[in-house]
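**Student:** Before we start, here is the structure in question, set down as structure tokens.
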Protein chains: 2
Amino acid sequence: VDLGRLGETGFLDELVRRHAGVMPPPPLGPGDDASVLGALLLTADALIEDEHFRSREPASLIGRKALSVNLSDIAAMGGTPRAFLSCIGLPPRTPSSFVRELTDGIAAVAAEHRVAWIGGDTVRSDLGIVIAITVVGERGRSLLLRSGARPGDGIYVTGPLGAPAAGRALLDRGWKPARRDATPPGRRRAAAAARRRNAELMRSQLDPAPRIAAGRFLASARLASAAIDLSDGLSLDLHRLCRASGAGAMIVAESIPISQATRSFARENRVDPLRLALDGGEDYELLFTVPSRAERRLSRWPLRDGTGPLLIGRVLPRAAGILIEDASGRRRSLRPAGYDAFRRRGSRATR
Amino acid sequence: VDLGRLGETGFLDELVRRHAGVMPPPPLGPGDDASVLGALLLTADALIEDEHFRSREPASLIGRKALSVNLSDIAAMGGTPRAFLSCIGLPPRTPSSFVRELTDGIAAVAAEHRVAWIGGDTVRSDLGIVIAITVVGERGRSLLLRSGARPGDGIYVTGPLGAPAAGRALLDRGWKPARRDATPPGRRRAAAAARRRNAELMRSQLDPAPRIAAGRFLASARLASAAIDLSDGLSLDLHRLCRASGAGAMIVAESIPISQATRSFARENRVDPLRLALDGGEDYELLFTVPSRAERRLSRWPLRDGTGPLLIGRVLPRAAGILIEDASGRRRSLRPAGYDAFRRRGSRATR
């Protein structure tokens, strides 16, 4: 048996099962986006070179993303991030300009969200670049967990999905976030439009916005019955939320928000935009559920940060399974085909 | 300019300088062993394959050490560790037995010190094995900082130094922690003694004991004016403590505690045991200073864990520099030749 077959989810479950009772029990335990320790929320995520980023990508954006994805976990719990620690492993020949841009990127996101850099460790890593960040947050008025969804609740996301997966595909083909124009004059207008579109898609991949304000609003208004951040793709993360809640779900394909840029990319590359939105991953929007009696209060969404409550489906009893309804009204089972760190089932839509 | 020339210490200083004012100020800031956040202590350390361990070493000991070195940082601040998060990066072909032993090792140390495993992240890392751990602790009755040493204070360590560096040299030569006997009968007794000695040295390298009880005692009795854990070697860590305190120091070579096993290894390998103790690193004993008026209270050392207050020198005014006195009474400048992650100045005594 190797880890490739065990898979990440299985690995964590196994770890918790094996060590239950050996140590003091975790207050909440792994399985939610962050851990609860008294009034605090704690979360840790690692980014590994060639797995989560490429060293040729702009270092400042690598830094921004490293912190943002951790802030996203605090957002998914309805908390406010306050401080963080970094563990950075660097090959000894790393140019100091790369290091400066990397830490500038981390610091810029920290400043935007008023989070203090309180410490960490810098180590030599001949293997490649490794960035592990731990964020400490404060609990909001209520705690958003994965486990509270009940049949009848509406299922929402905070923004369009699929663009980061398209951006990843462009980056893998060698596109640069700010590419120079080398197009003949006659085709310049169309090329400029494609360039703007591609820049938008790559930016969504390289610089995700953690939905902290949305999470805080949902927690303080006690609107959401459950929440998770969409790190590994809607299909997999919806399965996680449903498993934690002991529920089923039905989502409507037509209602899943997909940007014009993502649709245009999908058309040009002959991939199904729905697959990008379901399985692409790294969206970092929040997926949340709202009891039906509270849904009308969502119309008073107070944020002007591009987020909004976008209804995509409804929670069902567990026995119903997890379904997707297509444009012709047919329902089929939704496979959890998103990103699993160890499985790589070839499930990423654009690979 | 590359990171190799900048060095780890310079890198962290630069980072703090550049980002001062951009973010909320850190409560205490990098530079101490752990960061202070209200009543909490937080520390993060990363272990990288081939830099901090080899994958052929027993996985359970890799796991033990990964957590122990982080607990040591909390010990150096006089705190009590309460919980931790792990970021573990693994190549997909890692055998599941390795993963099980690794996490068993982490869990065993957690159980010994009653620390809860509250979460983390497991990611694919084709680069190699990466283990980053963040520990959350509680402050003790007082806070042990690096910055409180004053001229006249006694300088102490909690145990003998140099054995882990000898153990690292044995492991690098292919010794196994539990080696089978392949010696001809006539030389068996001497070989068995050497084997026991080597096992002791390797164990000290692979399974350091975090001095949590000693740190708690020093903090609760308000005995220490300053403290640091000896991760990178006495010579470098003494420089760090003195720089933070704005002080100089004089240590006496003859009084530096070195075990029989380390002396025997040094004799056999024609290295200076003092160099192992000064520059070898990874001792994870505490280095601490005690105001002279309080030193007599050290005789009531309450611990039966192998630790004790071992006097090695005295704090001097900054202008005196940092000195070492040899057996003939000659004093010379003590070079900070310990481990710096990026410099690798060939300073490790046994390399």
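Following the order of the structure tokens, first chain is A, next is B, and so on, with residues numbered from 1 inside each chain and ligands from 1 in the order they appear.
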Which polymer residues have any atom within 9 Å of an atom of segment 306-308 of chain B, counting only C-alpha atoms, with same-chain residues fewer than 4 positions away left out, as an mmCIF file with N, CA, C and O atoms, in the first residue's frame?
**Tutor:**
data_model
loop_
_atom_site.group_PDB
_atom_site.id
_atom_site.type_symbol
_atom_site.label_atom_id
_atom_site.label_comp_id
_atom_site.auth_asym_id
_atom_site.auth_seq_id
_atom_site.Cartn_x
_atom_site.Cartn_y
_atom_site.Cartn_z
ATOM 1 N N VAL B 157 24.070 25.864 31.426
ATOM 2 C CA VAL B 157 23.356 24.982 30.503
ATOM 3 C C VAL B 157 22.698 23.870 31.327
ATOM 4 O O VAL B 157 23.119 23.591 32.450
ATOM 5 N N THR B 158 21.676 23.247 30.734
ATOM 6 C CA THR B 158 20.936 22.224 31.483
ATOM 7 C C THR B 158 21.507 20.820 31.331
ATOM 8 O O THR B 158 21.042 19.900 32.013
ATOM 9 N N GLY B 159 22.518 20.627 30.451
ATOM 10 C CA GLY B 159 23.059 19.281 30.277
ATOM 11 C C GLY B 159 24.271 19.281 29.381
ATOM 12 O O GLY B 159 24.645 20.334 28.830
ATOM 13 N N ARG B 211 13.477 20.506 26.919
ATOM 14 C CA ARG B 211 13.647 20.771 28.356
ATOM 15 C C ARG B 211 12.501 21.606 28.913
ATOM 16 O O ARG B 211 12.694 22.697 29.471
ATOM 17 N N ALA B 214 12.464 22.084 32.808
ATOM 18 C CA ALA B 214 13.501 23.033 33.223
ATOM 19 C C ALA B 214 13.080 24.470 32.903
ATOM 20 O O ALA B 214 13.231 25.375 33.736
ATOM 21 N N GLU B 285 19.601 21.533 24.699
ATOM 22 C CA GLU B 285 19.623 21.923 26.108
ATOM 23 C C GLU B 285 19.279 23.408 26.173
ATOM 24 O O GLU B 285 19.337 24.116 25.155
ATOM 25 N N LEU B 298 19.644 28.079 42.863
ATOM 26 C CA LEU B 298 19.706 27.004 41.869
ATOM 27 C C LEU B 298 20.003 25.655 42.499
ATOM 28 O O LEU B 298 19.739 24.605 41.904
ATOM 29 N N TRP B 301 17.391 22.699 42.690
ATOM 30 C CA TRP B 301 16.877 22.269 41.368
ATOM 31 C C TRP B 301 15.943 21.079 41.582
ATOM 32 O O TRP B 301 16.375 20.026 42.058
ATOM 33 N N PRO B 302 14.679 21.178 41.266
ATOM 34 C CA PRO B 302 13.712 20.162 41.695
ATOM 35 C C PRO B 302 13.545 18.992 40.719
ATOM 36 O O PRO B 302 12.784 18.072 40.999
#
**Student:** Could you list, as a VMD selection string, every residue within 12 Å of Met202 of chain B, counting only C-alpha atoms and ignoring same-chain residues fewer than 3 positions away?
**Tutor:** chain B and resid 57 to 58 61 162 to 179 195 to 199 205 to 208 261 to 262 265 282
**Student:** Restricting the output to N, CA, C and O atoms, write the selected residues as a tab-separated table (two decimals), in the first residue's frame.
**Tutor:**
chain	number	residue	atom	x	y	z
B	57	GLU	N	16.57	7.15	7.97
B	57	GLU	CA	16.52	7.10	9.44
B	57	GLU	C	15.15	6.57	9.87
B	57	GLU	O	14.18	6.68	9.13
B	58	PRO	N	15.08	6.00	11.08
B	58	PRO	CA	13.78	5.45	11.51
B	58	PRO	C	12.70	6.54	11.51
B	58	PRO	O	12.87	7.60	12.11
B	61	LEU	N	11.51	8.13	14.71
B	61	LEU	CA	12.42	9.10	15.32
B	61	LEU	C	12.38	10.44	14.58
B	61	LEU	O	12.52	11.50	15.19
B	162	GLY	N	27.38	18.38	22.67
B	162	GLY	CA	28.29	17.79	21.68
B	162	GLY	C	27.89	16.41	21.19
B	162	GLY	O	28.27	16.01	20.09
B	163	ALA	N	27.12	15.67	22.00
B	163	ALA	CA	26.77	14.31	21.60
B	163	ALA	C	25.96	14.25	20.29
B	163	ALA	O	26.24	13.40	19.43
B	164	PRO	N	24.98	15.14	20.10
B	164	PRO	CA	24.22	15.05	18.84
B	164	PRO	C	25.08	15.25	17.60
B	164	PRO	O	24.81	14.63	16.56
B	165	ALA	N	26.11	16.09	17.68
B	165	ALA	CA	26.99	16.28	16.52
B	165	ALA	C	27.77	15.01	16.23
B	165	ALA	O	27.96	14.62	15.07
B	166	ALA	N	28.21	14.32	17.29
B	166	ALA	CA	28.90	13.04	17.10
B	166	ALA	C	27.93	12.02	16.50
B	166	ALA	O	28.29	11.26	15.60
B	167	GLY	N	26.70	12.02	17.00
B	167	GLY	CA	25.69	11.12	16.47
B	167	GLY	C	25.41	11.36	15.00
B	167	GLY	O	25.26	10.43	14.21
B	168	ARG	N	25.37	12.65	14.61
B	168	ARG	CA	25.15	12.98	13.19
B	168	ARG	C	26.28	12.43	12.33
B	168	ARG	O	26.05	11.86	11.26
B	169	ALA	N	27.52	12.54	12.82
B	169	ALA	CA	28.67	12.04	12.06
B	169	ALA	C	28.57	10.52	11.87
B	169	ALA	O	28.83	9.99	10.79
B	170	LEU	N	28.15	9.81	12.92
B	170	LEU	CA	27.99	8.36	12.81
B	170	LEU	C	26.90	8.00	11.80
B	170	LEU	O	27.07	7.11	10.97
B	171	LEU	N	25.78	8.71	11.87
B	171	LEU	CA	24.68	8.44	10.94
B	171	LEU	C	25.11	8.73	9.50
B	171	LEU	O	24.76	7.98	8.58
B	172	ASP	N	25.87	9.79	9.32
B	172	ASP	CA	26.32	10.14	7.97
B	172	ASP	C	27.26	9.07	7.41
B	172	ASP	O	27.40	8.93	6.20
B	173	ARG	N	27.93	8.35	8.32
B	173	ARG	CA	28.81	7.27	7.85
B	173	ARG	C	28.06	5.96	7.65
B	173	ARG	O	28.66	4.91	7.44
B	174	GLY	N	26.76	5.98	7.85
B	174	GLY	CA	25.97	4.79	7.57
B	174	GLY	C	25.69	3.92	8.78
B	174	GLY	O	25.12	2.84	8.65
B	175	TRP	N	26.10	4.37	9.98
B	175	TRP	CA	25.73	3.63	11.17
B	175	TRP	C	24.22	3.61	11.33
B	175	TRP	O	23.53	4.55	10.99
B	176	LYS	N	23.73	2.50	11.85
B	176	LYS	CA	22.30	2.40	12.11
B	176	LYS	C	22.08	2.53	13.62
B	176	LYS	O	22.91	2.05	14.41
B	177	PRO	N	20.96	3.13	14.02
B	177	PRO	CA	20.70	3.30	15.45
B	177	PRO	C	20.76	1.98	16.23
B	177	PRO	O	21.17	1.95	17.37
B	178	ALA	N	20.36	0.86	15.61
B	178	ALA	CA	20.49	-0.43	16.30
B	178	ALA	C	21.24	-1.38	15.37
B	178	ALA	O	20.64	-2.11	14.58
B	179	ARG	N	22.57	-1.36	15.45
B	179	ARG	CA	23.38	-2.11	14.51
B	179	ARG	C	23.63	-3.53	15.01
B	179	ARG	O	23.92	-3.73	16.19
B	195	ARG	N	29.61	-0.03	20.46
B	195	ARG	CA	28.25	-0.01	19.90
B	195	ARG	C	27.28	0.71	20.84
B	195	ARG	O	26.45	1.49	20.41
B	196	ARG	N	27.44	0.39	22.14
B	196	ARG	CA	26.57	1.08	23.12
B	196	ARG	C	26.82	2.59	23.09
B	196	ARG	O	25.89	3.38	23.13
B	197	ARG	N	28.10	2.95	23.02
B	197	ARG	CA	28.46	4.37	22.97
B	197	ARG	C	27.85	5.03	21.73
B	197	ARG	O	27.22	6.09	21.82
B	198	ASN	N	28.02	4.37	20.59
B	198	ASN	CA	27.50	4.96	19.35
B	198	ASN	C	25.98	5.06	19.37
B	198	ASN	O	25.40	6.03	18.87
B	199	ALA	N	25.33	4.04	19.95
B	199	ALA	CA	23.87	4.07	20.04
B	199	ALA	C	23.43	5.27	20.87
B	199	ALA	O	22.46	5.98	20.53
B	205	GLN	N	21.15	12.49	18.88
B	205	GLN	CA	20.91	13.23	17.64
B	205	GLN	C	19.48	13.03	17.14
B	205	GLN	O	18.81	13.98	16.73
B	206	LEU	N	18.99	11.80	17.22
B	206	LEU	CA	17.70	11.47	16.60
B	206	LEU	C	16.51	11.77	17.51
B	206	LEU	O	15.40	11.93	17.02
B	207	ASP	N	16.75	11.79	18.81
B	207	ASP	CA	15.60	11.91	19.72
B	207	ASP	C	15.90	12.87	20.87
B	207	ASP	O	15.94	12.47	22.04
B	208	PRO	N	16.06	14.15	20.55
B	208	PRO	CA	16.39	15.12	21.61
B	208	PRO	C	15.22	15.29	22.58
B	208	PRO	O	14.06	15.16	22.18
B	261	ALA	N	30.81	9.51	26.47
B	261	ALA	CA	30.61	8.95	25.12
B	261	ALA	C	31.14	9.92	24.06
B	261	ALA	O	31.80	9.52	23.09
B	262	THR	N	30.85	11.20	24.24
B	262	THR	CA	31.32	12.19	23.27
B	262	THR	C	32.84	12.29	23.28
B	262	THR	O	33.49	12.35	22.23
B	265	PHE	N	34.28	9.21	21.55
B	265	PHE	CA	34.12	9.34	20.09
B	265	PHE	C	35.15	10.32	19.53
B	265	PHE	O	35.77	10.07	18.49
B	282	GLU	N	22.33	21.30	17.64
B	282	GLU	CA	21.23	20.35	17.88
B	282	GLU	C	21.26	19.72	19.27
B	282	GLU	O	20.77	18.62	19.46
**Student:** Go through B:Asp305, B:Asp237, B:Asp279, B:Asp32 one by one, measure the shortest atom-to-atom distance of each to chain A using only C-alpha atoms, and give the residue with the smallest value.
**Tutor:** B:Asp32
**Student:** As JSON, numbers by chain, please: every residue in segment 158-286 of chain A that DSSP puts in strand (DSSP E).
**Tutor:** {"A": [226, 227, 228, 229, 247, 248, 249, 250, 251, 252, 286]}
**Student:** Atom CA of Leu161 of chain A and atom CA of Gln260 of chain A, how far apart in Å?
**Tutor:** 10.9 Å
**Student:** Could you name the residues that touch Leu323 of chain A at 9 Å or less, counting only C-alpha atoms, but leaving out those on the same chain fewer than 3 positions away, as a VMD selection string?
**Tutor:** chain A and resid 248 to 252 320 331 to 335
**Student:** Provide the atom CA of Ala209 of chain A to atom CA of Val69 of chain A distance in Å, to one decimal place.
**Tutor:**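 Separation between atom CA of Ala209 of chain A and atom CA of Val69 of chain A: 8.3 Å.
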**Student:** Looking only at the backbone, which of the residues in segment 145-181 of chain B does DSSP tag as helix (DSSP H, G or I), as a ChimeraX atom specification?
**Tutor:** /B:146-148,163-172
**Student:** Please dump the current selection as a PDB file, in the first residue's frame; keep N, CA and C atoms.
**Tutor:**
ATOM      1  N   ARG B 146      15.545  36.263  25.389  1.00  0.00           N
ATOM      2  CA  ARG B 146      16.987  36.272  25.153  1.00  0.00           C
ATOM      3  C   ARG B 146      17.631  37.558  25.668  1.00  0.00           C
ATOM      4  N   SER B 147      16.809  38.533  25.945  1.00  0.00           N
ATOM      5  CA  SER B 147      17.332  39.897  26.078  1.00  0.00           C
ATOM      6  C   SER B 147      17.627  40.358  27.501  1.00  0.00           C
ATOM      7  N   GLY B 148      17.475  39.487  28.499  1.00  0.00           N
ATOM      8  CA  GLY B 148      17.575  39.985  29.877  1.00  0.00           C
ATOM      9  C   GLY B 148      18.913  39.779  30.574  1.00  0.00           C
ATOM     10  N   ALA B 163      27.125  15.671  22.002  1.00  0.00           N
ATOM     11  CA  ALA B 163      26.769  14.306  21.603  1.00  0.00           C
ATOM     12  C   ALA B 163      25.963  14.249  20.295  1.00  0.00           C
ATOM     13  N   PRO B 164      24.983  15.137  20.096  1.00  0.00           N
ATOM     14  CA  PRO B 164      24.215  15.054  18.841  1.00  0.00           C
ATOM     15  C   PRO B 164      25.076  15.246  17.595  1.00  0.00           C
ATOM     16  N   ALA B 165      26.110  16.090  17.679  1.00  0.00           N
ATOM     17  CA  ALA B 165      26.992  16.282  16.516  1.00  0.00           C
ATOM     18  C   ALA B 165      27.769  15.006  16.233  1.00  0.00           C
ATOM     19  N   ALA B 166      28.215  14.323  17.289  1.00  0.00           N
ATOM     20  CA  ALA B 166      28.898  13.041  17.103  1.00  0.00           C
ATOM     21  C   ALA B 166      27.931  12.018  16.504  1.00  0.00           C
ATOM     22  N   GLY B 167      26.702  12.024  16.999  1.00  0.00           N
ATOM     23  CA  GLY B 167      25.689  11.118  16.471  1.00  0.00           C
ATOM     24  C   GLY B 167      25.411  11.361  15.001  1.00  0.00           C
ATOM     25  N   ARG B 168      25.369  12.645  14.608  1.00  0.00           N
ATOM     26  CA  ARG B 168      25.151  12.982  13.194  1.00  0.00           C
ATOM     27  C   ARG B 168      26.283  12.431  12.329  1.00  0.00           C
ATOM     28  N   ALA B 169      27.520  12.544  12.818  1.00  0.00           N
ATOM     29  CA  ALA B 169      28.673  12.039  12.058  1.00  0.00           C
ATOM     30  C   ALA B 169      28.566  10.523  11.875  1.00  0.00           C
ATOM     31  N   LEU B 170      28.155   9.809  12.919  1.00  0.00           N
ATOM     32  CA  LEU B 170      27.987   8.357  12.814  1.00  0.00           C
ATOM     33  C   LEU B 170      26.901   8.004  11.799  1.00  0.00           C
ATOM     34  N   LEU B 171      25.780   8.712  11.869  1.00  0.00           N
ATOM     35  CA  LEU B 171      24.684   8.441  10.939  1.00  0.00           C
ATOM     36  C   LEU B 171      25.106   8.729   9.505  1.00  0.00           C
ATOM     37  N   ASP B 172      25.866   9.795   9.315  1.00  0.00           N
ATOM     38  CA  ASP B 172      26.319  10.141   7.966  1.00  0.00           C
ATOM     39  C   ASP B 172      27.262   9.074   7.406  1.00  0.00           C
TER      40      ASP B 172
END
**Student:** Restricting the calculation to only C-alpha atoms, which member of A:Leu236, A:Ala116, A:Leu311, A:Leu102 is positioned closest to chain B?
**Tutor:** A:Ala116
**Student:** Considering only C-alpha atoms, state which residue in the set B:Ala191, B:Val130, B:Ile106, B:Leu223 is at the smallest distance from Ser299 of chain B.
**Tutor:**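 The closest residue to Ser299 of chain B is B:Leu223.
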**Student:** Using only C-alpha atoms, which of the listed residues (A:Phe98, A:Phe53, A:Trp117, A:Phe84) sits closest to chain B?
**Tutor:**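 Using only C-alpha atoms, chain B sits closest to A:Trp117.
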